[in-house]
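Q: entry-v4.cif is reproduced below (mmCIF, C-alpha atoms).
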```cif
data_coords
loop_
_atom_site.label_atom_id
_atom_site.label_comp_id
_atom_site.auth_asym_id
_atom_site.auth_seq_id
_atom_site.Cartn_x
_atom_site.Cartn_y
_atom_site.Cartn_z
CA MET N 1 -21.32 24.66 4.64
CA GLN N 2 -23.70 22.59 2.61
CA ASN N 3 -21.08 22.24 -0.11
CA LEU N 4 -18.55 21.06 2.44
CA LEU N 5 -21.00 18.50 3.75
CA ARG N 6 -21.70 17.30 0.24
CA LEU N 7 -17.99 17.04 -0.40
CA ILE N 8 -17.49 14.96 2.74
CA ILE N 9 -20.27 12.60 1.75
CA ARG N 10 -18.98 12.34 -1.80
CA PHE N 11 -15.48 11.41 -0.61
CA SER N 12 -16.50 9.51 2.52
CA PHE N 13 -14.90 6.31 1.23
CA GLN N 14 -11.55 8.04 0.74
CA ILE N 15 -11.81 9.94 4.01
CA ILE N 16 -12.57 6.83 6.06
CA PHE N 17 -9.71 5.03 4.35
CA VAL N 18 -7.22 7.80 5.14
CA ILE N 19 -8.28 7.99 8.79
CA LEU N 20 -8.10 4.23 9.35
CA GLU N 21 -4.83 3.92 7.46
CA ILE N 22 -3.29 6.65 9.60
CA ILE N 23 -4.34 4.75 12.72
CA ALA N 24 -2.79 1.55 11.35
CA LEU N 25 0.46 3.24 10.34
CA THR N 26 0.69 4.96 13.70
CA LEU N 27 0.65 1.51 15.25
CA VAL N 28 3.36 0.36 12.84
CA PHE N 29 5.71 3.26 13.43
CA GLN N 30 5.09 3.67 17.11
CA ARG N 31 8.45 3.16 18.73
CA ASN N 32 7.34 3.27 22.31
CA PRO N 33 6.98 -0.38 23.29
CA LEU N 34 5.01 0.24 26.47
CA PRO N 35 1.42 0.15 25.15
CA HIS N 36 2.25 -2.99 23.22
CA ALA N 37 3.77 -4.61 26.23
CA ARG N 38 0.69 -3.83 28.27
CA PHE N 39 -1.69 -4.93 25.55
CA PHE N 40 0.36 -8.02 25.07
CA GLN N 41 0.07 -9.00 28.69
CA LEU N 42 -3.71 -8.92 28.26
CA THR N 43 -3.76 -11.18 25.23
CA GLN N 44 -0.82 -13.32 26.22
CA ASP N 45 -2.65 -15.79 28.40
CA VAL N 46 -5.36 -16.27 25.80
CA ASN N 47 -2.77 -16.79 23.08
CA GLY N 48 -0.79 -19.08 25.32
CA PHE N 49 -3.81 -21.28 25.85
CA PHE N 50 -4.42 -21.67 22.12
CA TYR N 51 -0.79 -22.27 21.33
CA THR N 52 -0.53 -24.90 24.07
CA GLN N 53 -3.46 -26.77 22.55
CA THR N 54 -2.03 -26.77 19.04
CA ASN N 55 1.36 -27.61 20.42
CA HIS N 56 0.13 -30.70 22.27
CA PHE N 57 -1.04 -31.98 18.96
CA MET N 58 1.98 -30.98 16.89
CA ARG N 59 4.51 -32.40 19.34
CA PHE N 60 3.70 -35.95 18.26
CA PHE N 61 5.35 -35.41 14.93
CA HIS N 62 8.67 -34.42 16.47
CA LEU N 63 9.11 -37.26 18.95
CA THR N 64 11.88 -39.04 17.08
CA ASP N 65 13.97 -35.94 16.59
CA GLU N 66 13.26 -34.93 20.14
CA ASN N 67 14.57 -38.22 21.50
CA ALA N 68 17.76 -37.97 19.50
CA ILE N 69 18.40 -34.49 20.82
CA LEU N 70 17.75 -35.53 24.41
CA ILE N 71 20.10 -38.48 24.08
CA ASN N 72 22.80 -36.21 22.71
CA GLU N 73 22.28 -33.78 25.52
CA ASN N 74 22.49 -36.56 28.11
CA ALA N 75 25.72 -37.75 26.57
CA ARG N 76 27.20 -34.30 26.68
CA LEU N 77 26.21 -33.85 30.33
CA ARG N 78 27.72 -37.21 31.24
CA ASN N 79 30.92 -36.18 29.57
CA GLN N 80 30.99 -32.96 31.52
CA LEU N 81 30.37 -34.88 34.71
CA ALA N 82 33.22 -37.22 33.92
CA ALA N 83 35.57 -34.36 33.14
CA ARG N 84 34.84 -32.64 36.45
CA PRO N 85 37.92 -32.19 38.65
CA PHE N 86 38.20 -34.78 41.39
CA ASN N 87 36.54 -33.66 44.58
CA SER N 88 39.02 -34.31 47.40
CA SER N 89 36.46 -34.25 50.18
CA GLY N 90 34.89 -37.28 48.58
CA GLY N 91 31.30 -36.36 49.42
CA VAL N 92 28.68 -35.24 47.00
CA ALA N 93 29.01 -31.51 47.49
CA ASP N 94 26.50 -29.02 46.21
CA SER N 95 28.36 -27.56 43.30
CA THR N 96 26.26 -24.41 43.33
CA LEU N 97 27.67 -23.52 46.73
CA GLN N 98 31.26 -24.05 45.74
CA ARG N 99 31.19 -21.62 42.87
CA PRO N 100 29.17 -18.63 44.01
CA GLY N 101 29.42 -16.98 40.59
CA TYR N 102 27.43 -19.79 39.08
CA SER N 103 24.63 -20.28 41.52
CA MET N 104 22.03 -20.79 38.88
CA GLU N 105 18.92 -22.82 38.45
CA PHE N 106 17.63 -24.22 35.18
CA ILE N 107 13.87 -23.99 34.84
CA PRO N 108 12.64 -26.49 32.23
CA ALA N 109 10.09 -25.11 29.79
CA GLU N 110 8.23 -26.07 26.66
CA VAL N 111 8.09 -23.95 23.55
CA VAL N 112 4.46 -23.28 22.70
CA ASN N 113 5.06 -20.84 19.87
CA ASN N 114 8.08 -20.03 17.77
CA SER N 115 8.93 -18.30 14.53
CA ILE N 116 12.06 -18.11 12.41
CA ASN N 117 10.94 -16.27 9.30
CA LYS N 118 10.40 -12.76 10.59
CA GLN N 119 12.91 -9.95 10.98
CA ASN N 120 12.25 -10.05 14.71
CA ASN N 121 11.45 -13.52 15.93
CA TYR N 122 9.95 -14.33 19.31
CA ILE N 123 9.35 -17.54 21.21
CA THR N 124 6.55 -18.22 23.69
CA LEU N 125 7.23 -20.55 26.64
CA ASN N 126 4.75 -22.26 28.96
CA VAL N 127 6.43 -21.01 32.13
CA GLY N 128 5.86 -17.64 33.71
CA TYR N 129 5.94 -15.62 36.86
CA LEU N 130 4.62 -18.46 38.99
CA GLN N 131 7.48 -20.73 37.93
CA GLY N 132 10.06 -18.09 38.81
CA VAL N 133 10.68 -16.66 35.36
CA ARG N 134 11.55 -12.96 35.27
CA GLN N 135 12.46 -10.48 32.58
CA ASP N 136 15.99 -10.63 31.11
CA MET N 137 16.68 -14.24 32.07
CA GLY N 138 18.69 -16.26 29.55
CA VAL N 139 17.16 -19.22 27.73
CA VAL N 140 19.14 -22.21 26.43
CA GLY N 141 18.05 -25.16 24.36
CA PRO N 142 19.48 -28.68 24.26
CA GLU N 143 21.93 -27.66 21.54
CA GLY N 144 22.80 -24.06 22.35
CA ILE N 145 21.60 -20.66 23.48
CA VAL N 146 18.11 -19.61 22.42
CA GLY N 147 17.38 -16.08 23.64
CA VAL N 148 16.42 -13.77 26.47
CA VAL N 149 13.07 -13.46 28.30
CA ARG N 150 11.16 -10.34 27.35
CA ASN N 151 7.64 -10.36 28.81
CA VAL N 152 6.29 -12.52 31.61
CA SER N 153 2.69 -13.26 32.54
CA ALA N 154 1.41 -15.61 35.24
CA SER N 155 2.14 -18.83 33.41
CA TYR N 156 3.61 -17.82 30.06
CA SER N 157 6.59 -15.83 28.92
CA THR N 158 7.94 -14.53 25.65
CA VAL N 159 11.56 -14.72 24.61
CA ILE N 160 13.55 -12.53 22.26
CA SER N 161 15.07 -15.22 20.07
CA VAL N 162 18.70 -15.10 18.95
CA LEU N 163 17.03 -14.73 15.54
CA ASN N 164 15.95 -11.18 16.35
CA SER N 165 17.61 -7.94 15.36
CA LYS N 166 17.22 -6.75 18.96
CA PHE N 167 19.21 -9.65 20.39
CA LYS N 168 22.75 -8.92 21.52
CA GLY N 169 24.78 -11.53 23.39
CA SER N 170 28.26 -11.57 24.83
CA VAL N 171 30.11 -14.62 23.49
CA LYS N 172 33.71 -15.70 23.06
CA LEU N 173 35.95 -18.01 21.10
CA ALA N 174 36.40 -21.21 23.10
CA SER N 175 40.08 -21.64 22.29
CA ASN N 176 41.46 -18.24 23.29
CA ASP N 177 38.76 -16.42 25.29
CA TYR N 178 38.60 -13.39 22.99
CA PHE N 179 35.06 -12.07 23.36
CA GLY N 180 32.70 -10.18 21.09
CA THR N 181 29.04 -9.47 20.41
CA LEU N 182 26.66 -11.94 18.82
CA SER N 183 23.91 -10.55 16.61
CA TRP N 184 21.62 -11.75 13.83
CA PRO N 185 21.73 -10.13 10.38
CA GLY N 186 18.25 -11.37 9.51
CA HIS N 187 18.33 -13.77 6.60
CA ASN N 188 19.48 -17.24 7.54
CA TYR N 189 18.03 -18.92 10.61
CA ARG N 190 21.19 -21.03 11.02
CA GLU N 191 23.70 -18.16 10.88
CA ALA N 192 24.60 -15.27 13.16
CA ILE N 193 27.39 -12.70 13.22
CA LEU N 194 30.11 -12.38 15.85
CA SER N 195 31.73 -8.94 15.74
CA GLU N 196 34.41 -7.08 17.72
CA ILE N 197 36.95 -9.92 17.67
CA PRO N 198 40.32 -8.14 17.27
CA GLY N 199 41.95 -8.61 13.88
CA HIS N 200 45.41 -9.58 15.04
CA ILE N 201 44.52 -13.06 16.27
CA ILE N 202 44.15 -16.11 14.07
CA VAL N 203 40.66 -17.54 13.78
CA TYR N 204 40.15 -21.05 12.47
CA GLU N 205 37.15 -22.34 10.62
CA GLY N 206 35.09 -24.68 12.76
CA GLU N 207 36.25 -23.11 15.98
CA ASN N 208 33.74 -23.32 18.83
CA VAL N 209 31.95 -20.25 20.10
CA ILE N 210 30.58 -20.25 23.66
CA THR N 211 28.95 -17.74 25.98
CA SER N 212 31.40 -15.48 27.81
CA GLY N 213 29.64 -15.45 31.17
CA PHE N 214 29.65 -11.68 31.24
CA GLY N 215 26.42 -10.09 32.32
CA THR N 216 23.90 -12.08 34.30
CA MET N 217 21.93 -13.92 31.66
CA PHE N 218 24.09 -16.88 30.67
CA PRO N 219 26.72 -18.85 32.59
CA GLU N 220 30.09 -19.20 30.95
CA GLY N 221 30.55 -21.96 28.40
CA GLU N 222 27.05 -22.49 27.00
CA ARG N 223 27.30 -23.59 23.39
CA VAL N 224 26.55 -21.00 20.71
CA GLY N 225 27.92 -22.35 17.45
CA THR N 226 30.97 -22.72 15.25
CA VAL N 227 32.85 -20.28 13.04
CA THR N 228 32.15 -20.84 9.35
CA LYS N 229 33.56 -17.70 7.78
CA ALA N 230 35.96 -14.97 8.88
CA ASP N 231 35.67 -11.58 7.21
CA ARG N 232 37.49 -8.45 8.24
CA THR N 233 35.62 -5.20 8.77
CA PRO N 234 36.36 -2.50 6.16
CA ALA N 235 38.77 -0.81 8.56
CA GLY N 236 40.50 -4.15 9.02
CA SER N 237 41.09 -3.96 12.73
CA PHE N 238 38.28 -6.33 13.67
CA TYR N 239 36.81 -9.57 12.40
CA GLU N 240 33.24 -10.09 11.44
CA LEU N 241 32.79 -13.82 11.94
CA THR N 242 29.90 -15.80 10.53
CA ILE N 243 28.72 -18.31 13.11
CA ARG N 244 26.70 -21.43 12.39
CA LEU N 245 24.32 -21.65 15.35
CA SER N 246 24.43 -25.02 17.06
CA GLN N 247 20.77 -24.75 18.04
CA ASP N 248 18.42 -25.50 15.16
CA PHE N 249 15.54 -23.10 15.85
CA LYS N 250 13.26 -24.98 13.54
CA LYS N 251 13.00 -27.96 15.88
CA LEU N 252 12.98 -26.20 19.19
CA THR N 253 10.57 -27.80 21.66
CA ARG N 254 12.22 -28.00 25.07
CA VAL N 255 14.36 -25.29 26.61
CA TYR N 256 15.69 -24.16 29.98
CA VAL N 257 15.28 -20.72 31.49
CA ILE N 258 18.32 -19.74 33.54
CA ARG N 259 17.68 -18.18 36.89
CA ASN N 260 20.72 -16.45 38.37
CA PHE N 261 20.43 -16.06 42.12
CA ASN N 262 23.25 -13.53 42.28
CA LYS N 263 21.85 -11.31 39.57
CA VAL N 264 20.53 -8.54 41.80
CA GLU N 265 23.71 -8.47 43.87
CA GLN N 266 25.93 -8.26 40.79
CA GLN N 267 23.82 -5.63 39.10
CA THR N 268 23.56 -3.46 42.21
CA LEU N 269 27.30 -3.53 42.64
CA GLU N 270 27.89 -2.71 38.99
CA LEU N 271 25.42 0.15 39.18
CA GLN N 272 27.23 1.62 42.18
CA THR N 273 30.52 1.42 40.34
CA ASN N 274 29.13 3.24 37.34
CA ASP N 275 27.96 6.22 39.39
CA MET O 1 -30.46 -10.80 4.95
CA ILE O 2 -29.83 -11.47 8.63
CA ASP O 3 -28.90 -15.00 7.66
CA GLN O 4 -26.27 -13.72 5.27
CA LEU O 5 -24.92 -11.29 7.86
CA ASN O 6 -24.55 -14.13 10.35
CA ARG O 7 -22.67 -16.15 7.81
CA TYR O 8 -20.21 -13.35 7.17
CA VAL O 9 -19.62 -12.75 10.87
CA PHE O 10 -19.03 -16.46 11.43
CA ARG O 11 -16.71 -16.59 8.42
CA PHE O 12 -14.79 -13.57 9.76
CA PHE O 13 -13.75 -15.40 12.93
CA LEU O 14 -13.17 -18.65 11.11
CA VAL O 15 -10.72 -16.96 8.73
CA ILE O 16 -8.80 -15.33 11.58
CA PHE O 17 -8.51 -18.58 13.54
CA PHE O 18 -7.46 -20.55 10.47
CA GLN O 19 -4.77 -17.98 9.73
CA VAL O 20 -3.48 -17.62 13.29
CA LEU O 21 -3.65 -21.21 14.48
CA ILE O 22 -2.66 -23.06 11.33
CA LEU O 23 -1.10 -20.96 8.60
CA ASN O 24 1.04 -18.82 10.91
CA ASN O 25 2.71 -22.02 12.04
CA VAL O 26 3.58 -22.99 8.48
CA GLN O 27 7.19 -22.14 7.87
CA PHE O 28 8.49 -23.99 4.86
CA SER O 29 11.71 -22.11 4.46
CA GLY O 30 12.60 -18.72 5.83
CA TYR O 31 10.71 -17.09 2.99
CA ILE O 32 7.24 -18.51 2.95
CA ASN O 33 4.32 -17.63 5.13
CA PRO O 34 0.98 -17.85 3.29
CA TYR O 35 -1.70 -15.31 4.18
CA PHE O 36 -5.04 -16.80 3.34
CA TYR O 37 -7.22 -14.42 5.33
CA ILE O 38 -7.48 -11.75 2.62
CA TRP O 39 -9.74 -14.15 0.75
CA TYR O 40 -12.46 -12.77 3.02
CA ILE O 41 -12.01 -9.30 1.54
CA LEU O 42 -11.86 -10.67 -2.01
CA VAL O 43 -15.28 -12.31 -1.99
CA LEU O 44 -17.36 -9.75 -0.09
CA PRO O 45 -20.52 -8.92 -2.09
CA PHE O 46 -20.27 -6.28 -4.83
CA ASP O 47 -22.76 -3.99 -3.13
CA THR O 48 -20.91 -3.90 0.21
CA PRO O 49 -21.07 -0.25 1.35
CA GLY O 50 -17.70 1.50 1.42
CA TRP O 51 -17.60 2.05 5.14
CA VAL O 52 -18.45 -1.59 5.82
CA LEU O 53 -15.71 -2.72 3.45
CA LEU O 54 -13.08 -0.53 5.12
CA GLY O 55 -14.30 -1.27 8.64
CA THR O 56 -14.21 -5.01 8.00
CA ALA O 57 -10.72 -4.79 6.55
CA PHE O 58 -9.52 -2.75 9.52
CA PHE O 59 -10.78 -5.21 12.11
CA LEU O 60 -9.72 -8.25 10.09
CA GLY O 61 -6.16 -6.91 9.86
CA LEU O 62 -6.17 -5.95 13.53
CA GLY O 63 -7.45 -9.42 14.41
CA ILE O 64 -4.50 -10.97 12.62
CA ASP O 65 -2.11 -8.42 14.09
CA VAL O 66 -2.92 -8.96 17.76
CA PHE O 67 -2.37 -12.68 17.64
CA PRO O 68 1.01 -13.81 16.38
CA GLN O 69 4.40 -13.50 18.01
CA SER O 70 4.93 -10.37 15.99
CA LEU O 71 3.16 -8.58 18.81
CA ALA O 72 5.53 -9.61 21.59
CA GLY O 73 6.41 -6.08 22.60
CA ASN O 74 7.64 -5.44 19.10
CA GLY O 75 6.62 -1.90 18.22
CA SER O 76 7.53 -2.22 14.57
CA SER O 77 5.13 -5.00 13.67
CA LEU O 78 1.73 -4.27 15.18
CA GLY O 79 -0.44 -2.70 12.52
CA THR O 80 1.27 -4.09 9.44
CA HIS O 81 -1.59 -6.45 8.58
CA THR O 82 -4.12 -3.74 9.39
CA ALA O 83 -2.45 -1.25 7.05
CA SER O 84 -2.03 -3.66 4.15
CA THR O 85 -5.51 -5.17 4.41
CA LEU O 86 -7.05 -1.70 4.53
CA LEU O 87 -5.18 -0.77 1.39
CA ILE O 88 -6.52 -3.69 -0.64
CA ALA O 89 -10.03 -2.98 0.61
CA PHE O 90 -9.60 0.59 -0.58
CA MET O 91 -8.27 -0.58 -3.95
CA ARG O 92 -10.93 -3.24 -4.40
CA PRO O 93 -13.54 -1.15 -6.26
CA ASN O 94 -10.85 0.12 -8.63
CA VAL O 95 -9.33 -3.32 -9.20
CA LEU O 96 -12.80 -4.70 -9.93
CA ARG O 97 -13.34 -1.89 -12.43
CA TRP O 98 -10.02 -2.56 -14.20
CA ILE O 99 -10.62 -6.21 -14.76
CA ASN O 100 -14.34 -6.28 -15.31
CA PRO O 101 -15.47 -9.00 -17.71
CA ARG O 102 -17.00 -8.08 -21.06
CA ASP O 103 -20.41 -7.57 -19.56
CA GLU O 104 -20.89 -5.56 -16.42
CA TYR O 105 -21.02 -7.34 -13.08
CA GLU O 106 -24.49 -8.69 -12.63
CA PRO O 107 -26.37 -7.57 -9.55
CA GLY O 108 -26.80 -10.24 -6.90
CA THR O 109 -23.56 -12.06 -7.75
CA PHE O 110 -20.30 -12.27 -5.82
CA PRO O 111 -16.76 -11.64 -7.03
CA ASP O 112 -15.71 -15.28 -6.89
CA SER O 113 -14.61 -18.05 -9.22
CA LYS O 114 -18.09 -19.55 -9.57
CA ASN O 115 -19.70 -16.41 -10.95
CA TYR O 116 -16.97 -15.08 -13.20
CA GLY O 117 -14.73 -18.02 -13.96
CA ILE O 118 -11.42 -19.26 -12.66
CA LEU O 119 -9.28 -17.13 -14.99
CA TRP O 120 -10.99 -13.93 -14.02
CA PHE O 121 -10.66 -14.83 -10.36
CA LEU O 122 -7.01 -15.72 -10.82
CA ALA O 123 -6.23 -12.27 -12.23
CA TYR O 124 -8.27 -10.59 -9.51
CA ALA O 125 -6.63 -12.58 -6.70
CA MET O 126 -3.14 -12.05 -8.12
CA ILE O 127 -3.49 -8.28 -8.21
CA MET O 128 -4.95 -8.09 -4.71
CA ILE O 129 -2.44 -10.53 -3.17
CA GLY O 130 0.39 -8.70 -4.92
CA ILE O 131 -0.56 -5.32 -3.45
CA HIS O 132 -1.22 -6.77 -0.01
CA HIS O 133 1.98 -8.79 0.30
CA PHE O 134 4.14 -6.02 -1.11
CA VAL O 135 2.94 -3.52 1.47
CA LEU O 136 2.94 -6.09 4.26
CA PHE O 137 6.49 -7.33 3.86
CA PHE O 138 8.00 -3.92 3.26
CA LEU O 139 6.23 -2.51 6.30
CA GLU O 140 7.53 -5.44 8.31
CA ASP O 141 11.04 -4.89 7.08
CA LEU O 142 10.77 -1.09 7.36
CA SER O 143 13.81 -0.50 5.18
CA LEU O 144 14.80 -0.85 1.56
CA ARG O 145 18.16 -2.25 2.55
CA ASP O 146 17.42 -5.80 1.51
CA PHE O 147 15.07 -4.92 -1.30
CA LEU O 148 15.61 -8.08 -3.36
CA ARG O 149 15.31 -10.43 -0.42
CA THR O 150 12.08 -8.83 0.70
CA LEU O 151 10.80 -8.93 -2.87
CA LEU O 152 11.58 -12.63 -2.97
CA ARG O 153 9.57 -13.10 0.22
CA VAL O 154 6.67 -11.20 -1.37
CA ILE O 155 6.73 -13.46 -4.42
CA MET O 156 7.21 -16.76 -2.61
CA SER O 157 4.55 -16.09 0.02
CA GLY O 158 2.28 -14.63 -2.65
CA ILE O 159 2.40 -17.83 -4.69
CA PHE O 160 1.46 -19.91 -1.66
CA SER O 161 -1.31 -17.52 -0.60
CA LEU O 162 -2.68 -17.75 -4.14
CA ILE O 163 -2.56 -21.55 -4.08
CA PHE O 164 -4.41 -21.67 -0.76
CA ILE O 165 -7.06 -19.26 -1.94
CA LEU O 166 -7.61 -21.08 -5.26
CA LEU O 167 -7.74 -24.44 -3.50
CA TRP O 168 -10.34 -23.14 -1.11
CA GLU O 169 -12.39 -21.69 -3.96
CA GLY O 170 -12.27 -25.10 -5.63
CA ILE O 171 -13.22 -26.95 -2.48
CA ARG O 172 -16.11 -24.78 -1.43
CA PHE O 173 -17.80 -24.88 -4.83
CA LYS O 174 -17.27 -28.59 -5.10
CA ILE O 175 -19.05 -28.98 -1.79
CA SER O 176 -21.92 -26.67 -2.62
CA ARG O 177 -22.55 -28.37 -5.95
#
```
Show the structure stored in the file as structure tokens.
A:
Amino acid sequence: MQNLLRLIIRFSFQIIFVILEIIALTLVFQRNPLPHARFFQLTQDVNGFFYTQTNHFMRFFHLTDENAILINENARLRNQLAARPFNSSGGVADSTLQRPGYSMEFIPAEVVNNSINKQNNYITLNVGYLQGVRQDMGVVGPEGIVGVVRNVSASYSTVISVLNSKFKGSVKLASNDYFGTLSWPGHNYREAILSEIPGHIIVYEGENVITSGFGTMFPEGERVGTVTKADRTPAGSFYELTIRLSQDFKKLTRVYVIRNFNKVEQQTLELQTND
Amino acid sequence: MIDQLNRYVFRFFLVIFFQVLILNNVQFSGYINPYFYIWYILVLPFDTPGWVLLGTAFFLGLGIDVFPQSLAGNGSSLGTHTASTLLIAFMRPNVLRWINPRDEYEPGTFPDSKNYGILWFLAYAMIMIGIHHFVLFFLEDLSLRDFLRTLLRVIMSGIFSLIFILLWEGIRFKISR
């Protein structure tokens, strides 16, 4: 007994190290996200406060870029407005009522924290539960899609960025409506992969990729990027397209969270059909 | 004694805030993210008891871990800084033994560039940063699939961490002089 005690004291440094390291590695390899999610909700508001403060300061340096992007976005919206089919009734109708599938609201938000250099990147926004943000809502930036809301606290929310190995989005080729899955391979913050496009069609370089409108996160036709490279999968029956993302995640400051009013209805119906 | 303790506690929080609020927002290219905070472990006094050394490293790493976006419900990232910082704290006595200068370390001194020279500190910091970044980035990646790319991240970030730590060593001894 005394020998054991002496042994423990002699190797206390090693023993403490092993115990603490096991605790740390348990945290690393723990796959169950629930404790993290809960813990995160606790620290989120504190973090959000700090990030907002630093962000207020940092935003100054991006004003010029920011203006250019906003001008471009305005121009694009004007073009869309101009291209809208002529409304025969003549009045200013509420377009959300005419197309029930697209009754969506865009909640403007500011990015208060963002990363691009991790394997799994996340974005923090300064809108939360109180502003109507809920889990699994889509997020778009001025130049293209950005991600999907993951956690929501009272006035902050975190977003799984497109630059995250967990992100999967349904997108399609603008010219022929063939759809596939968008994912991020993890090295270049400007490039993503579009898979499951059948191999028998012809894909051109520079072709536009837009959201498919499937699911409830994004409306159809949000910009995603352009095709830069077309590889075939080893089996040859599908393409693996390299997409240059239209949204530059390095200068992301203002985004919109998409709230779909028909989401619950659509999902309930789909759930019934699956039974 | 109490005075010194206070200084180390204050420095502990300062290092975490500097890392989380400033350096974590530095993203030069996809590869570089300097980690300055391990400087705290490097310059702890020689006679720091083992359990204090390990305990400090554990909470320092945890402090870095709970802050950044890496936590956002991402099970694979929480704990990476804790694990790697603990490891360098554990290795510290050995590393100090390997690279000890011709004479033994004098009692009452600190393992920093003022006491043992810039070259000695450079070697010391390089070894410690190397171990730390290697473990950190491979734990973050959790696979050996992109071994070379992760290795490149280790080297690039390591260089910048080293620069920050050396700069700070230079600045603080300039001030105190």
Q: Enumerate, as a ChimeraX atom specification, the residues matched when the PyMOL selection byres ((chain O and resi 128-136) around 8) is run on the file above.
A: /O:38,42,80-81,83-85,87-88,92,95,124-127,137-140,151,154-155,157-158,161-162
Q: Identify, on the basis of only C-alpha atoms, every residue whose closest approach to Ser161 in chain N does not exceed 7 Å; exclude the query and any residue fewer than 4 positions from it along the same chain; express the result as a list of chain:residue names.
A: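 What passes the distance filter is N:Asn121, N:Tyr122, N:Ile123, N:Val146, N:Gly147, N:Val148, N:Phe167.
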Q: Let me see the file: selected residues, C-alpha atoms, as a PDB file, keeping the file's coordinate frame.
A:
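Saved result, result27.pdb, follows:
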```pdb
ATOM      1  CA  ASN N 121      11.450 -13.520  15.930  1.00  0.00           C
ATOM      2  CA  TYR N 122       9.950 -14.330  19.310  1.00  0.00           C
ATOM      3  CA  ILE N 123       9.350 -17.540  21.210  1.00  0.00           C
ATOM      4  CA  VAL N 146      18.110 -19.610  22.420  1.00  0.00           C
ATOM      5  CA  GLY N 147      17.380 -16.080  23.640  1.00  0.00           C
ATOM      6  CA  VAL N 148      16.420 -13.770  26.470  1.00  0.00           C
ATOM      7  CA  PHE N 167      19.210  -9.650  20.390  1.00  0.00           C
TER       8      PHE N 167
END
```
Q: Hey, can you check how far CA of Pro45 in chain O sits from CA of Phe160 in chain O?
A: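 Computing it gives 24.6 Å between the two atoms.
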Q: What do you get, as an mmCIF file with C-alpha atoms, in the coordinates of the input, if you spell out every residue that the PyMOL selection byres ((chain N and resi 221-230) around 6) selects here?
A:
```cif
data_model
loop_
_atom_site.group_PDB
_atom_site.id
_atom_site.type_symbol
_atom_site.label_atom_id
_atom_site.label_comp_id
_atom_site.auth_asym_id
_atom_site.auth_seq_id
_atom_site.Cartn_x
_atom_site.Cartn_y
_atom_site.Cartn_z
ATOM 1 C CA GLY N 144 22.800 -24.060 22.350
ATOM 2 C CA ILE N 145 21.600 -20.660 23.480
ATOM 3 C CA GLU N 205 37.150 -22.340 10.620
ATOM 4 C CA GLY N 206 35.090 -24.680 12.760
ATOM 5 C CA GLU N 207 36.250 -23.110 15.980
ATOM 6 C CA ASN N 208 33.740 -23.320 18.830
ATOM 7 C CA VAL N 209 31.950 -20.250 20.100
ATOM 8 C CA ILE N 210 30.580 -20.250 23.660
ATOM 9 C CA THR N 211 28.950 -17.740 25.980
ATOM 10 C CA GLU N 220 30.090 -19.200 30.950
ATOM 11 C CA ASP N 231 35.670 -11.580 7.210
ATOM 12 C CA LEU N 241 32.790 -13.820 11.940
ATOM 13 C CA THR N 242 29.900 -15.800 10.530
ATOM 14 C CA ILE N 243 28.720 -18.310 13.110
ATOM 15 C CA ARG N 244 26.700 -21.430 12.390
ATOM 16 C CA LEU N 245 24.320 -21.650 15.350
ATOM 17 C CA SER N 246 24.430 -25.020 17.060
#
```
Q: What lies within 8 Å of range 166-170 of chain O using all atoms listed in the file, ignoring chain neighbours under 5 positions off, as a VMD selection string?
A: chain O and resid 112 to 113 122
Q: Using only C-alpha atoms, which of O:Gln4, O:Thr48, O:Thr109, O:Asn24 sits nearest chain N?
A: O:Asn24
Q: Report, in Å with one decimal, the straight-line distance from CA of Glu106 in chain O to CA of Phe46 in chain O.
A: 9.2 Å
Q: Could I get range 59-66 of chain N rebuilt with N, CA and C atoms, written as a compact mmCIF listing (two decimals), keeping the file's coordinate frame?
A:
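After the write, rebuild.txt holds the following:
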```txt
# COMPACT_ATOMS: atom_id res chain seq x y z
N ARG N 59 3.30 -31.82 18.75
CA ARG N 59 4.51 -32.40 19.34
C ARG N 59 4.72 -33.85 18.91
N PHE N 60 3.61 -34.55 18.68
CA PHE N 60 3.70 -35.95 18.26
C PHE N 60 4.65 -36.16 17.09
N PHE N 61 4.60 -35.22 16.16
CA PHE N 61 5.35 -35.41 14.93
C PHE N 61 6.85 -35.23 15.13
N HIS N 62 7.25 -34.69 16.28
CA HIS N 62 8.67 -34.42 16.47
C HIS N 62 9.33 -35.38 17.46
N LEU N 63 8.60 -36.42 17.87
CA LEU N 63 9.11 -37.26 18.95
C LEU N 63 10.45 -37.90 18.64
N THR N 64 10.63 -38.36 17.42
CA THR N 64 11.88 -39.04 17.08
C THR N 64 13.06 -38.09 17.17
N ASP N 65 12.92 -36.94 16.53
CA ASP N 65 13.97 -35.94 16.59
C ASP N 65 14.27 -35.56 18.03
N GLU N 66 13.17 -35.37 18.75
CA GLU N 66 13.26 -34.93 20.14
C GLU N 66 14.10 -35.91 20.96
```
